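Please read the structure below before turning to the comments.
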Amino acid sequence: MQKRKIIVEPIHFVSNCAELTFIYERKINLNKDYVEKMLEQLVQETLHGSRTWYPVASANVENNHALSGALEEDEWHRIRLEQSYYLPFQSGYFFLFDEWIESGRDGTIFDGLVLYIQTSIENKLVEVARDAKQLYRLTNIIAERNDFPNDVKDFIQSFLDS
């Protein structure tokens, strides 16, 4: 059996801002690839019916303080509940919010989709994606899957039968 040689690199100290920026950008790119892979899997699994999203308006926020805080509205922040969804996963959740935010600092406005992950109801919501094309695809798939309530379907069927 051949022994493997283990090379231990010395700790690398950053010597200038440009190098620090490169390291920081590399970390962001690694995270971005990781998140994009997750987003694509969410889209595919939702499309194939193996993941079911629910309207955020139906979520139980009573014991989830982080979620209830995120859903609070003020003049700088609003979530459109009708176009926002959640997906239970293990002991946590994915939250897909249609969100409007105005910066109190410079007046910049963001109006679009944001994906948050909450690993358990004891933890905070962490933003993992904002305004990504996969989020819009996901929203379209979810909206297509959401059917009319039974009373509306019955009403339409009564009309068609008359």
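Chain labels follow the order of the structure tokens: the first chain is A, the next B, and so on; residue numbering restarts at 1 in every chain, and ligands are counted from 1 in their shown order.
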
message = Taking the DSSP secondary structure from the backbone, can you list the residues of chain A that are helix (DSSP H, G or I), as number ranges by chain?
response = A: 17-47, 56-58, 65-71, 81-83, 133-145, 150-161

Counting only C-alpha atoms, the residue of A:Phe89, A:Phe155, A:Phe95, A:Trp53 that sits nearest A:Val114 =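 Going through A:Phe89, A:Phe155, A:Phe95, A:Trp53 one by one, the smallest distance to A:Val114 is for A:Phe95.
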
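In terms of minimum interatomic distance to A:Leu125, A:Leu71 ranks closest within A:Leu47, A:Leu113, A:Leu71, A:Ala59, counting only C-alpha atoms.
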
key: Nearest to A:Glu40 by atom-to-atom distance, counting only C-alpha atoms, from A:Thr52, A:Asn146, A:Gln134, A:Ser58   = A:Gln134

Name the residues in contact with A:Gln83 at a cut-off of 8 Å, using only C-alpha atoms, excluding same-chain residues fewer than 3 positions from it; report them as a compact mmCIF listing (two decimals) with N, CA and C atoms, in the first residue's frame.
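Final output, saved to around-v1.txt:
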```txt
# COMPACT_ATOMS: atom_id res chain seq x y z
N PRO A 55 -49.17 28.72 -0.05
CA PRO A 55 -49.22 30.18 0.09
C PRO A 55 -48.73 30.62 1.48
N ARG A 80 -45.92 40.83 -0.73
CA ARG A 80 -47.20 40.51 -1.36
C ARG A 80 -47.53 39.06 -1.06
N PHE A 97 -40.59 35.02 -1.34
CA PHE A 97 -41.37 36.23 -1.12
C PHE A 97 -41.34 37.13 -2.34
N ASP A 98 -42.50 37.67 -2.68
CA ASP A 98 -42.60 38.76 -3.63
C ASP A 98 -42.52 40.01 -2.76
N THR A 139 -41.87 30.68 -9.47
CA THR A 139 -43.16 31.32 -9.20
C THR A 139 -44.19 30.98 -10.27
```

key: For A:Thr46: contacts at 12 Å, only C-alpha atoms, fewer than 3 positions along chain excluded, given as a list in words   = Leu39, Glu40, Gln41, Leu42, Val43, Gly49, Ser50, Arg51, Thr52, Trp53, Tyr54, Leu87, Gln134, Leu135, Arg137, Leu138, Thr139, Asn140, Ile141, Ile142, Ala143, Glu144, Arg145 and Asn146 of chain A

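When only C-alpha atoms are used to measure the gap to A:Ile117, the shortest distance among A:Trp100, A:Tyr86, A:Tyr93, A:Phe159 belongs to A:Tyr93.
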
key: All strand (DSSP E or B) residues (DSSP, backbone) inside stretch 3-161 of chain A, as a VMD selection string   = chain A and resid 54 to 55 74 77 to 79 85 to 89 92 to 102 109 to 118 126 to 130

note = From atom CA of A:Val56 to atom CA of A:Leu96 the spacing works out at 8.5 Å

key: Length of the atom CA of A:Asn123 to atom CA of A:Arg105 vector [Å]   =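 For atom CA of A:Asn123 relative to atom CA of A:Arg105, the distance reads 27.4 Å.
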
query = Which residue, A:Lys32, A:Lys37, A:His65, A:His48, has the smallest gap to A:Arg130 when you use only C-alpha atoms?
reply =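 Smallest distance to A:Arg130 is found for A:Lys32.
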
note = A:Glu127 proximity check over A:Phe94, A:Tyr85, A:Tyr34, A:Trp76, using only C-alpha atoms: winner is A:Phe94

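Taking atom CA of A:Gln118 and atom CA of A:Glu102 as the two end points, the separation is 23.3 Å.
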